[in-house]
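S.K.: Contents of final-v2.cif (mmCIF, C-alpha atoms):
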data_protein
loop_
_atom_site.group_PDB
_atom_site.id
_atom_site.type_symbol
_atom_site.label_atom_id
_atom_site.label_comp_id
_atom_site.auth_asym_id
_atom_site.auth_seq_id
_atom_site.Cartn_x
_atom_site.Cartn_y
_atom_site.Cartn_z
ATOM 1 C CA LEU A 1 154.809 82.975 126.622
ATOM 2 C CA VAL A 2 153.738 86.186 124.934
ATOM 3 C CA ASN A 3 156.302 88.265 123.081
ATOM 4 C CA SER A 4 156.417 90.568 120.081
ATOM 5 C CA ASN A 5 156.628 87.594 117.681
ATOM 6 C CA THR A 6 153.296 86.183 118.856
ATOM 7 C CA SER A 7 150.284 86.922 116.696
ATOM 8 C CA PHE A 8 146.523 86.561 117.082
ATOM 9 C CA ALA A 9 143.983 86.200 114.285
ATOM 10 C CA LEU A 10 141.338 88.893 114.356
ATOM 11 C CA ARG A 11 138.249 88.089 112.290
ATOM 12 C CA PRO A 12 135.790 90.740 111.130
ATOM 13 C CA ILE A 13 132.248 90.408 112.450
ATOM 14 C CA GLY A 14 130.942 93.065 110.083
ATOM 15 C CA VAL A 15 131.825 96.052 107.962
ATOM 16 C CA VAL A 16 131.239 99.825 107.935
ATOM 17 C CA ARG A 17 129.056 101.233 105.161
ATOM 18 C CA SER A 18 129.768 104.940 104.951
ATOM 19 C CA PRO A 19 129.624 107.839 102.513
ATOM 20 C CA LEU A 20 133.310 108.452 103.361
ATOM 21 C CA LYS A 21 135.225 106.835 100.538
ATOM 22 C CA SER A 22 138.727 108.240 101.008
ATOM 23 C CA LYS A 23 141.004 109.607 103.730
ATOM 24 C CA ASP A 24 140.672 113.136 102.314
ATOM 25 C CA GLN A 25 137.064 113.166 103.428
ATOM 26 C CA CYS A 26 137.863 112.215 107.043
ATOM 27 C CA PRO A 27 138.363 114.782 109.795
ATOM 28 C CA SER A 28 141.223 113.923 112.136
ATOM 29 C CA GLN A 29 138.879 113.259 115.046
ATOM 30 C CA GLY A 30 135.383 111.852 114.864
ATOM 31 C CA ARG A 31 133.872 114.519 117.089
ATOM 32 C CA GLU A 32 134.582 117.205 114.538
ATOM 33 C CA GLY A 33 132.119 115.692 112.143
ATOM 34 C CA GLY A 34 128.949 113.835 112.769
ATOM 35 C CA ALA A 35 128.729 111.419 109.906
ATOM 36 C CA GLU A 36 126.152 108.704 109.998
ATOM 37 C CA ALA A 37 127.213 105.246 108.966
ATOM 38 C CA VAL A 38 125.815 101.746 108.961
ATOM 39 C CA VAL A 39 127.499 98.788 110.611
ATOM 40 C CA GLU A 40 126.515 95.709 108.661
ATOM 41 C CA ILE A 41 126.874 92.545 110.757
ATOM 42 C CA PHE A 42 127.875 89.380 108.904
ATOM 43 C CA THR A 43 125.326 86.546 108.998
ATOM 44 C CA ASP A 44 127.510 84.324 111.209
ATOM 45 C CA PHE A 45 127.501 86.941 113.968
ATOM 46 C CA VAL A 46 123.943 88.301 113.885
ATOM 47 C CA ARG A 47 122.968 86.501 117.102
ATOM 48 C CA GLY A 48 125.673 88.456 118.943
ATOM 49 C CA ALA A 49 124.126 91.774 117.901
ATOM 50 C CA GLU A 50 120.466 90.895 118.482
ATOM 51 C CA ASP A 51 120.107 92.762 121.766
ATOM 52 C CA ILE A 52 121.441 96.060 120.481
ATOM 53 C CA SER A 53 118.599 98.574 120.287
ATOM 54 C CA SER A 54 117.936 102.131 119.128
ATOM 55 C CA GLY A 55 119.033 104.916 121.423
ATOM 56 C CA ARG A 56 121.789 102.899 123.068
ATOM 57 C CA GLU A 57 125.378 104.044 123.184
ATOM 58 C CA ILE A 58 127.881 101.495 122.024
ATOM 59 C CA VAL A 59 131.576 101.278 121.247
ATOM 60 C CA ILE A 60 132.340 100.093 117.732
ATOM 61 C CA ILE A 61 135.799 98.561 117.427
ATOM 62 C CA THR A 62 137.236 98.629 113.933
ATOM 63 C CA TRP A 63 140.371 97.484 112.168
ATOM 64 C CA LEU A 64 141.633 100.524 110.256
ATOM 65 C CA ASP A 65 142.813 98.497 107.308
ATOM 66 C CA ARG A 66 144.076 101.436 105.285
ATOM 67 C CA ALA A 67 146.400 102.706 108.038
ATOM 68 C CA GLY A 68 150.135 102.084 108.158
ATOM 69 C CA ARG A 69 151.500 99.839 110.904
ATOM 70 C CA ASP A 70 155.128 100.962 111.103
ATOM 71 C CA ALA A 71 154.815 104.358 112.804
ATOM 72 C CA LEU A 72 155.820 104.574 116.482
ATOM 73 C CA ALA A 73 155.770 108.390 116.596
ATOM 74 C CA VAL A 74 153.672 110.863 114.619
ATOM 75 C CA HIS A 75 152.928 114.571 114.379
ATOM 76 C CA PRO A 76 149.473 114.698 115.999
ATOM 77 C CA ARG A 77 146.648 115.457 113.603
ATOM 78 C CA GLY A 78 149.168 115.235 110.749
ATOM 79 C CA ASN A 79 150.358 118.767 111.507
ATOM 80 C CA PRO A 80 154.181 119.148 111.279
ATOM 81 C CA ALA A 81 153.958 121.999 113.820
ATOM 82 C CA ASN A 82 152.949 119.455 116.471
ATOM 83 C CA PRO A 83 156.027 117.747 117.959
ATOM 84 C CA LEU A 84 156.613 114.068 117.200
ATOM 85 C CA THR A 85 154.653 112.081 119.766
ATOM 86 C CA GLY A 86 154.631 108.376 120.606
ATOM 87 C CA VAL A 87 151.626 106.841 118.859
ATOM 88 C CA PHE A 88 150.222 105.389 122.087
ATOM 89 C CA SER A 89 149.643 108.972 123.264
ATOM 90 C CA THR A 90 147.728 109.806 120.103
ATOM 91 C CA ARG A 91 144.615 108.644 118.277
ATOM 92 C CA SER A 92 146.488 108.363 114.979
ATOM 93 C CA PRO A 93 145.212 105.475 112.843
ATOM 94 C CA ASN A 94 148.850 104.703 112.004
ATOM 95 C CA ARG A 95 150.037 102.429 114.836
ATOM 96 C CA PRO A 96 151.282 98.862 115.289
ATOM 97 C CA ASN A 97 147.747 97.478 115.554
ATOM 98 C CA PRO A 98 145.404 99.903 113.788
ATOM 99 C CA ILE A 99 142.442 99.410 116.090
ATOM 100 C CA GLY A 100 139.783 102.122 116.000
ATOM 101 C CA LEU A 101 137.481 102.900 118.958
ATOM 102 C CA HIS A 102 134.309 104.776 118.131
ATOM 103 C CA ARG A 103 131.715 105.694 120.709
ATOM 104 C CA VAL A 104 128.431 106.105 118.850
ATOM 105 C CA GLN A 105 124.694 106.253 119.339
ATOM 106 C CA VAL A 106 122.446 103.665 117.738
ATOM 107 C CA LEU A 107 119.886 105.401 115.516
ATOM 108 C CA GLU A 108 118.078 102.451 114.010
ATOM 109 C CA ILE A 109 118.317 98.736 113.292
ATOM 110 C CA THR A 110 117.167 97.588 109.875
ATOM 111 C CA GLY A 111 117.025 94.268 108.080
ATOM 112 C CA GLY A 112 118.050 92.488 111.277
ATOM 113 C CA ASN A 113 121.747 93.106 110.651
ATOM 114 C CA ARG A 114 122.250 96.778 109.831
ATOM 115 C CA ILE A 115 122.939 99.142 112.720
ATOM 116 C CA ARG A 116 122.716 102.815 111.779
ATOM 117 C CA VAL A 117 124.918 104.907 114.070
ATOM 118 C CA ARG A 118 126.321 108.390 114.580
ATOM 119 C CA PRO A 119 128.960 109.779 114.623
ATOM 120 C CA LEU A 120 131.207 107.249 112.910
ATOM 121 C CA GLU A 121 134.117 108.576 110.922
ATOM 122 C CA ALA A 122 135.457 105.447 109.291
ATOM 123 C CA LEU A 123 136.025 104.738 105.637
ATOM 124 C CA ASP A 124 133.492 102.711 103.706
ATOM 125 C CA GLY A 125 134.488 99.060 103.865
ATOM 126 C CA THR A 126 136.355 99.305 107.185
ATOM 127 C CA PRO A 127 136.164 95.949 109.018
ATOM 128 C CA VAL A 128 134.343 95.869 112.368
ATOM 129 C CA VAL A 129 135.896 93.442 114.860
ATOM 130 C CA ASP A 130 133.872 93.953 118.046
ATOM 131 C CA ILE A 131 131.018 95.936 119.579
ATOM 132 C CA LYS A 132 130.614 96.652 123.289
ATOM 133 C CA PRO A 133 127.994 98.434 125.344
ATOM 134 C CA VAL A 134 128.978 101.660 127.069
ATOM 135 C CA LEU A 135 128.717 100.851 130.763
ATOM 136 C CA ALA A 136 126.470 102.910 133.014
ATOM 137 C CA ARG A 137 129.277 104.782 134.728
ATOM 138 C CA ALA A 138 130.454 107.772 132.749
ATOM 139 C CA ASP A 139 134.103 106.923 133.168
ATOM 140 C CA ASP A 140 134.083 103.597 131.399
ATOM 141 C CA ALA A 141 135.689 103.157 128.025
ATOM 142 C CA LEU B 1 136.533 92.651 99.942
ATOM 143 C CA VAL B 2 136.052 92.080 103.652
ATOM 144 C CA ASN B 3 133.998 89.094 104.829
ATOM 145 C CA SER B 4 133.933 86.725 107.773
ATOM 146 C CA ASN B 5 136.740 84.609 106.266
ATOM 147 C CA THR B 6 139.184 87.517 106.244
ATOM 148 C CA SER B 7 141.672 87.681 109.090
ATOM 149 C CA PHE B 8 144.112 90.259 110.413
ATOM 150 C CA ALA B 9 147.258 89.593 112.411
ATOM 151 C CA LEU B 10 147.266 91.326 115.758
ATOM 152 C CA ARG B 11 150.699 91.560 117.376
ATOM 153 C CA PRO B 12 151.196 92.216 121.091
ATOM 154 C CA ILE B 13 153.040 95.414 121.966
ATOM 155 C CA GLY B 14 153.369 94.406 125.603
ATOM 156 C CA VAL B 15 151.978 92.282 128.384
ATOM 157 C CA VAL B 16 150.067 92.727 131.657
ATOM 158 C CA ARG B 17 151.894 91.901 134.884
ATOM 159 C CA SER B 18 149.295 91.392 137.572
ATOM 160 C CA PRO B 19 148.754 89.632 140.881
ATOM 161 C CA LEU B 20 145.626 88.070 139.303
ATOM 162 C CA LYS B 21 146.720 84.620 138.202
ATOM 163 C CA SER B 22 143.405 82.896 137.480
ATOM 164 C CA LYS B 23 139.847 83.704 136.430
ATOM 165 C CA ASP B 24 138.556 82.890 139.942
ATOM 166 C CA GLN B 25 140.319 85.981 141.212
ATOM 167 C CA CYS B 26 138.696 88.338 138.671
ATOM 168 C CA PRO B 27 135.491 90.271 139.415
ATOM 169 C CA SER B 28 133.096 90.370 136.457
ATOM 170 C CA GLN B 29 133.641 94.089 135.909
ATOM 171 C CA GLY B 30 136.804 96.057 136.512
ATOM 172 C CA ARG B 31 135.092 98.791 138.484
ATOM 173 C CA GLU B 32 134.186 96.380 141.247
ATOM 174 C CA GLY B 33 137.810 95.917 142.136
ATOM 175 C CA GLY B 34 140.679 98.291 141.912
ATOM 176 C CA ALA B 35 143.663 96.116 141.230
ATOM 177 C CA GLU B 36 146.916 97.690 140.280
ATOM 178 C CA ALA B 37 148.832 96.139 137.444
ATOM 179 C CA VAL B 38 151.866 96.886 135.331
ATOM 180 C CA VAL B 39 151.821 97.087 131.546
ATOM 181 C CA GLU B 40 155.249 96.052 130.332
ATOM 182 C CA ILE B 41 155.964 97.404 126.856
ATOM 183 C CA PHE B 42 158.130 95.240 124.605
ATOM 184 C CA THR B 43 161.431 96.799 123.507
ATOM 185 C CA ASP B 44 160.369 97.155 119.868
ATOM 186 C CA PHE B 45 157.476 99.419 120.865
ATOM 187 C CA VAL B 46 158.946 101.563 123.649
ATOM 188 C CA ARG B 47 159.161 104.655 121.420
ATOM 189 C CA GLY B 48 155.386 104.503 120.978
ATOM 190 C CA ALA B 49 154.842 104.731 124.740
ATOM 191 C CA GLU B 50 157.426 107.400 125.529
ATOM 192 C CA ASP B 51 154.974 110.266 125.896
ATOM 193 C CA ILE B 52 152.717 108.515 128.389
ATOM 194 C CA SER B 53 153.083 110.177 131.791
ATOM 195 C CA SER B 54 151.887 109.769 135.377
ATOM 196 C CA GLY B 55 148.401 110.992 136.173
ATOM 197 C CA ARG B 56 147.113 110.544 132.638
ATOM 198 C CA GLU B 57 144.067 108.490 131.826
ATOM 199 C CA ILE B 58 144.559 105.976 129.073
ATOM 200 C CA VAL B 59 142.710 103.102 127.468
ATOM 201 C CA ILE B 60 144.597 99.816 127.528
ATOM 202 C CA ILE B 61 143.466 97.425 124.820
ATOM 203 C CA THR B 62 144.146 93.773 125.551
ATOM 204 C CA TRP B 63 143.669 90.434 123.860
ATOM 205 C CA LEU B 64 141.917 88.242 126.422
ATOM 206 C CA ASP B 65 143.774 85.125 125.409
ATOM 207 C CA ARG B 66 142.123 82.834 127.942
ATOM 208 C CA ALA B 67 138.586 83.624 126.790
ATOM 209 C CA GLY B 68 136.510 81.441 124.480
ATOM 210 C CA ARG B 69 135.719 82.719 120.985
ATOM 211 C CA ASP B 70 132.625 80.690 120.100
ATOM 212 C CA ALA B 71 129.956 82.321 122.266
ATOM 213 C CA LEU B 72 127.464 84.615 120.542
ATOM 214 C CA ALA B 73 125.107 84.849 123.525
ATOM 215 C CA VAL B 74 125.862 84.642 127.252
ATOM 216 C CA HIS B 75 124.196 85.012 130.620
ATOM 217 C CA PRO B 76 125.560 88.405 131.710
ATOM 218 C CA ARG B 77 128.008 88.238 134.601
ATOM 219 C CA GLY B 78 127.891 84.447 134.332
ATOM 220 C CA ASN B 79 124.618 84.417 136.265
ATOM 221 C CA PRO B 80 122.074 81.910 134.871
ATOM 222 C CA ALA B 81 119.271 84.132 136.246
ATOM 223 C CA ASN B 82 120.214 86.778 133.668
ATOM 224 C CA PRO B 83 118.602 86.035 130.280
ATOM 225 C CA LEU B 84 120.830 84.974 127.383
ATOM 226 C CA THR B 85 122.082 88.155 125.746
ATOM 227 C CA GLY B 86 123.970 88.727 122.509
ATOM 228 C CA VAL B 87 127.648 89.143 123.375
ATOM 229 C CA PHE B 88 127.905 92.506 121.632
ATOM 230 C CA SER B 89 125.526 93.893 124.276
ATOM 231 C CA THR B 90 127.744 92.580 127.077
ATOM 232 C CA ARG B 91 131.281 92.997 128.327
ATOM 233 C CA SER B 92 131.812 89.245 128.521
ATOM 234 C CA PRO B 93 135.384 88.251 127.659
ATOM 235 C CA ASN B 94 133.934 85.343 125.673
ATOM 236 C CA ARG B 95 133.247 86.798 122.217
ATOM 237 C CA PRO B 96 134.395 86.288 118.611
ATOM 238 C CA ASN B 97 137.371 88.615 119.079
ATOM 239 C CA PRO B 98 138.225 88.724 122.794
ATOM 240 C CA ILE B 99 139.341 92.340 122.890
ATOM 241 C CA GLY B 100 139.433 93.970 126.325
ATOM 242 C CA LEU B 101 139.028 97.725 126.869
ATOM 243 C CA HIS B 102 140.311 99.047 130.171
ATOM 244 C CA ARG B 103 140.172 102.709 131.104
ATOM 245 C CA VAL B 104 142.899 103.257 133.697
ATOM 246 C CA GLN B 105 144.955 105.926 135.377
ATOM 247 C CA VAL B 106 148.728 105.951 135.006
ATOM 248 C CA LEU B 107 150.350 105.809 138.461
ATOM 249 C CA GLU B 108 154.004 105.628 137.558
ATOM 250 C CA ILE B 109 156.448 104.816 134.769
ATOM 251 C CA THR B 110 159.487 102.773 135.754
ATOM 252 C CA GLY B 111 162.448 101.346 133.899
ATOM 253 C CA GLY B 112 161.398 103.190 130.737
ATOM 254 C CA ASN B 113 158.950 100.469 129.741
ATOM 255 C CA ARG B 114 156.780 99.619 132.727
ATOM 256 C CA ILE B 115 153.546 101.548 133.146
ATOM 257 C CA ARG B 116 151.878 101.040 136.524
ATOM 258 C CA VAL B 117 148.122 101.570 136.259
ATOM 259 C CA ARG B 118 144.858 101.211 138.166
ATOM 260 C CA PRO B 119 142.306 99.686 137.990
ATOM 261 C CA LEU B 120 143.212 96.892 135.608
ATOM 262 C CA GLU B 121 141.482 93.563 136.063
ATOM 263 C CA ALA B 122 143.317 91.377 133.592
ATOM 264 C CA LEU B 123 145.099 88.111 134.187
ATOM 265 C CA ASP B 124 148.853 88.075 134.541
ATOM 266 C CA GLY B 125 150.371 87.507 131.104
ATOM 267 C CA THR B 126 147.460 88.989 129.129
ATOM 268 C CA PRO B 127 148.774 90.462 125.865
ATOM 269 C CA VAL B 128 148.410 94.221 125.346
ATOM 270 C CA VAL B 129 147.727 95.187 121.731
ATOM 271 C CA ASP B 130 147.215 98.958 121.833
ATOM 272 C CA ILE B 131 147.105 101.973 124.142
ATOM 273 C CA LYS B 132 145.183 105.167 123.450
ATOM 274 C CA PRO B 133 144.796 108.449 125.301
ATOM 275 C CA VAL B 134 141.396 109.321 126.723
ATOM 276 C CA LEU B 135 140.337 112.365 124.757
ATOM 277 C CA ALA B 136 139.455 115.585 126.566
ATOM 278 C CA ARG B 137 135.725 115.301 126.016
ATOM 279 C CA ALA B 138 134.030 113.106 128.567
ATOM 280 C CA ASP B 139 132.036 111.239 125.982
ATOM 281 C CA ASP B 140 134.941 109.743 124.081
ATOM 282 C CA ALA B 141 135.765 106.067 124.297
#
Taking this structure as input, can you express it in the form of C-alpha cells?

M.R.:
Amino acid sequence: LVNSNTSFALRPIGVVRSPLKSKDQCPSQGREGGAEAVVEIFTDFVRGAEDISSGREIVIITWLDRAGRDALAVHPRGNPANPLTGVFSTRSPNRPNPIGLHRVQVLEITGGNRIRVRPLEALDGTPVVDIKPVLARADDA
Amino acid sequence: LVNSNTSFALRPIGVVRSPLKSKDQCPSQGREGGAEAVVEIFTDFVRGAEDISSGREIVIITWLDRAGRDALAVHPRGNPANPLTGVFSTRSPNRPNPIGLHRVQVLEITGGNRIRVRPLEALDGTPVVDIKPVLARADDA
C-alpha cells in the first residue's frame, strides 16, 4: 500500500558537467538561456545510453540536489509580485521531489559516455537519474 | 560527490487510481489507448496541487513500482524482432530508475484532491512523485 511514508531509492546514472556553478548563474527557465552541458554517464550504465546519437532530442531527468523539499507553494520565478502558487503548477526546483525535466538536443557523444547537449540549465554536479527519447508525436512529454 | 552508489529518497505525493489492474491490460505506449485515470493527492501535499485546474495540460511523473530495475537494454515494445536497444533510448518501464512521464489533460478536480486526467496508462496503485505544468512553448517537456 502506497502512502506518504513510503519511499523509493533513486540512484544516479550519471552527472551533469556544466559551466553553471551556482544558482545565481541560472535563469529561471531553461529556454531563456541556451547553455551547453555534458551528461557524463557512469560506467555501470553506459550500455543503457549506447543507442543515443547526435541530433536526437531527448529528455534528461535530473535530481535537483540543491533545491529545498519543503515548499508546497512558491512565488513563480522567485518574484514576490507573482501570487503564491502550488508548486505542482510551477516549474520551481523547490518541491517535494526535486525532479528536473530538460528537453535537449544531443550535439555530440565523446569518450563513449559523455553526451554533449543543449540547452541544459542545471548546476555542475547535478545527478542525472534517467534519460528518455522524445517520442515522434509532438505532444509527448 | 555524486556517484552510482549515492541514493536519493523519493516520496510519493499521491497515487494513480485506474481501471488498469495488470500489465496485460496496458498498451506499450500511452498514446495507443486513452484511458482515464484519477490522480489522488495525499493530504500532506494538497496545497501543492491547489492551482491545477480543468482543461490544463500537465505532466504526471510516476514511479513504475512494478517494473524491473536491472535491464540496460531491451527489445522495444517487448517485440523480439526489434533489436536490443539501450533503455535510455526507449520508453520501456524496465530501467534503472523506473520513472514514468505522462503528458495528460486535466478533465476535472473532485473532492479537493482527486485530479481526473486522460490519457494515463499506469497501473492502479502506481505512486505519483511529481506533477509539472506543460510550459507554453510546444517544445518543452

S.K.: Counting all atoms listed in the file, write as a list in words all protein and nucleic acid residues lying at most 10 Å from (120.2, 100.4, 114.5) in the file's frame.

M.R.: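 Neighbouring residues, ordered by chain and number, come to Val38, Val39, Glu40, Ile52, Ser53, Ser54, Gly55, Arg56, Gln105, Val106, Leu107, Glu108, Ile109, Thr110, Gly111, Gly112, Asn113, Arg114, Ile115, Arg116 and Val117 of chain A.
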
S.K.: For this structure, which residues satisfy the selection - the PyMOL selection byres ((chain B) within 8 of (chain A)) - when it is evaluated on the file as given? I want them as a PyMOL selection string.

M.R.: chain B and resi 1-15+42+44-45+47-52+59+72-73+85-91+96-97+99+101-103+125+127+129-133+138-141

S.K.: Store the residues picked out above, limited to C-alpha atoms, as a PDB file, in the frame of the given file.

M.R.:
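Output saved as result-v4.pdb:
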ATOM      1  CA  LEU B   1     136.533  92.651  99.942  1.00  0.00           C
ATOM      2  CA  VAL B   2     136.052  92.080 103.652  1.00  0.00           C
ATOM      3  CA  ASN B   3     133.998  89.094 104.829  1.00  0.00           C
ATOM      4  CA  SER B   4     133.933  86.725 107.773  1.00  0.00           C
ATOM      5  CA  ASN B   5     136.740  84.609 106.266  1.00  0.00           C
ATOM      6  CA  THR B   6     139.184  87.517 106.244  1.00  0.00           C
ATOM      7  CA  SER B   7     141.672  87.681 109.090  1.00  0.00           C
ATOM      8  CA  PHE B   8     144.112  90.259 110.413  1.00  0.00           C
ATOM      9  CA  ALA B   9     147.258  89.593 112.411  1.00  0.00           C
ATOM     10  CA  LEU B  10     147.266  91.326 115.758  1.00  0.00           C
ATOM     11  CA  ARG B  11     150.699  91.560 117.376  1.00  0.00           C
ATOM     12  CA  PRO B  12     151.196  92.216 121.091  1.00  0.00           C
ATOM     13  CA  ILE B  13     153.040  95.414 121.966  1.00  0.00           C
ATOM     14  CA  GLY B  14     153.369  94.406 125.603  1.00  0.00           C
ATOM     15  CA  VAL B  15     151.978  92.282 128.384  1.00  0.00           C
ATOM     16  CA  PHE B  42     158.130  95.240 124.605  1.00  0.00           C
ATOM     17  CA  ASP B  44     160.369  97.155 119.868  1.00  0.00           C
ATOM     18  CA  PHE B  45     157.476  99.419 120.865  1.00  0.00           C
ATOM     19  CA  ARG B  47     159.161 104.655 121.420  1.00  0.00           C
ATOM     20  CA  GLY B  48     155.386 104.503 120.978  1.00  0.00           C
ATOM     21  CA  ALA B  49     154.842 104.731 124.740  1.00  0.00           C
ATOM     22  CA  GLU B  50     157.426 107.400 125.529  1.00  0.00           C
ATOM     23  CA  ASP B  51     154.974 110.266 125.896  1.00  0.00           C
ATOM     24  CA  ILE B  52     152.717 108.515 128.389  1.00  0.00           C
ATOM     25  CA  VAL B  59     142.710 103.102 127.468  1.00  0.00           C
ATOM     26  CA  LEU B  72     127.464  84.615 120.542  1.00  0.00           C
ATOM     27  CA  ALA B  73     125.107  84.849 123.525  1.00  0.00           C
ATOM     28  CA  THR B  85     122.082  88.155 125.746  1.00  0.00           C
ATOM     29  CA  GLY B  86     123.970  88.727 122.509  1.00  0.00           C
ATOM     30  CA  VAL B  87     127.648  89.143 123.375  1.00  0.00           C
ATOM     31  CA  PHE B  88     127.905  92.506 121.632  1.00  0.00           C
ATOM     32  CA  SER B  89     125.526  93.893 124.276  1.00  0.00           C
ATOM     33  CA  THR B  90     127.744  92.580 127.077  1.00  0.00           C
ATOM     34  CA  ARG B  91     131.281  92.997 128.327  1.00  0.00           C
ATOM     35  CA  PRO B  96     134.395  86.288 118.611  1.00  0.00           C
ATOM     36  CA  ASN B  97     137.371  88.615 119.079  1.00  0.00           C
ATOM     37  CA  ILE B  99     139.341  92.340 122.890  1.00  0.00           C
ATOM     38  CA  LEU B 101     139.028  97.725 126.869  1.00  0.00           C
ATOM     39  CA  HIS B 102     140.311  99.047 130.171  1.00  0.00           C
ATOM     40  CA  ARG B 103     140.172 102.709 131.104  1.00  0.00           C
ATOM     41  CA  GLY B 125     150.371  87.507 131.104  1.00  0.00           C
ATOM     42  CA  PRO B 127     148.774  90.462 125.865  1.00  0.00           C
ATOM     43  CA  VAL B 129     147.727  95.187 121.731  1.00  0.00           C
ATOM     44  CA  ASP B 130     147.215  98.958 121.833  1.00  0.00           C
ATOM     45  CA  ILE B 131     147.105 101.973 124.142  1.00  0.00           C
ATOM     46  CA  LYS B 132     145.183 105.167 123.450  1.00  0.00           C
ATOM     47  CA  PRO B 133     144.796 108.449 125.301  1.00  0.00           C
ATOM     48  CA  ALA B 138     134.030 113.106 128.567  1.00  0.00           C
ATOM     49  CA  ASP B 139     132.036 111.239 125.982  1.00  0.00           C
ATOM     50  CA  ASP B 140     134.941 109.743 124.081  1.00  0.00           C
ATOM     51  CA  ALA B 141     135.765 106.067 124.297  1.00  0.00           C
TER      52      ALA B 141
END

S.K.: Quick one: pull the distance between atom CA of Ala67 of chain B and atom CA of Lys23 of chain B, Å, one decimal.

M.R.: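 Result for atom CA of Ala67 of chain B versus atom CA of Lys23 of chain B: 9.7 Å, one decimal.
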
S.K.: List the residues selected by the PyMOL selection byres ((chain B and resi 122) around 8) in the file shown, writing them as an mmCIF file with C-alpha atoms, keeping the file's coordinate frame.

M.R.:
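Printed below is result_36.cif as written:
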data_model
loop_
_atom_site.group_PDB
_atom_site.id
_atom_site.type_symbol
_atom_site.label_atom_id
_atom_site.label_comp_id
_atom_site.auth_asym_id
_atom_site.auth_seq_id
_atom_site.Cartn_x
_atom_site.Cartn_y
_atom_site.Cartn_z
ATOM 1 C CA VAL B 16 150.067 92.727 131.657
ATOM 2 C CA SER B 18 149.295 91.392 137.572
ATOM 3 C CA LEU B 20 145.626 88.070 139.303
ATOM 4 C CA CYS B 26 138.696 88.338 138.671
ATOM 5 C CA LEU B 64 141.917 88.242 126.422
ATOM 6 C CA LEU B 120 143.212 96.892 135.608
ATOM 7 C CA GLU B 121 141.482 93.563 136.063
ATOM 8 C CA LEU B 123 145.099 88.111 134.187
ATOM 9 C CA ASP B 124 148.853 88.075 134.541
ATOM 10 C CA THR B 126 147.460 88.989 129.129
#

S.K.: If you measure from atom CA of Arg118 of chain A to atom CA of Glu57 of chain A, what distance in Å do you get, rounded to one decimal?

M.R.: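 Here the two named atoms are 9.7 Å from each other.
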
S.K.: Please indicate the distance in Å from atom CA of Ala81 of chain A to atom CA of Pro119 of chain A, rounded to one decimal place.

M.R.: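 Separation between atom CA of Ala81 of chain A and atom CA of Pro119 of chain A: 27.8 Å.
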
S.K.: Around all listed atoms of segment 9-23 of chain B, padded 8 Å per side, what centre and edge lengths does the axis-aligned box have in Å to one decimal, as lines of an AutoDock Vina configuration file?

M.R.:
center_x = 146.6
center_y = 89.2
center_z = 126.6
size_x = 29.5
size_y = 28.5
size_z = 44.5
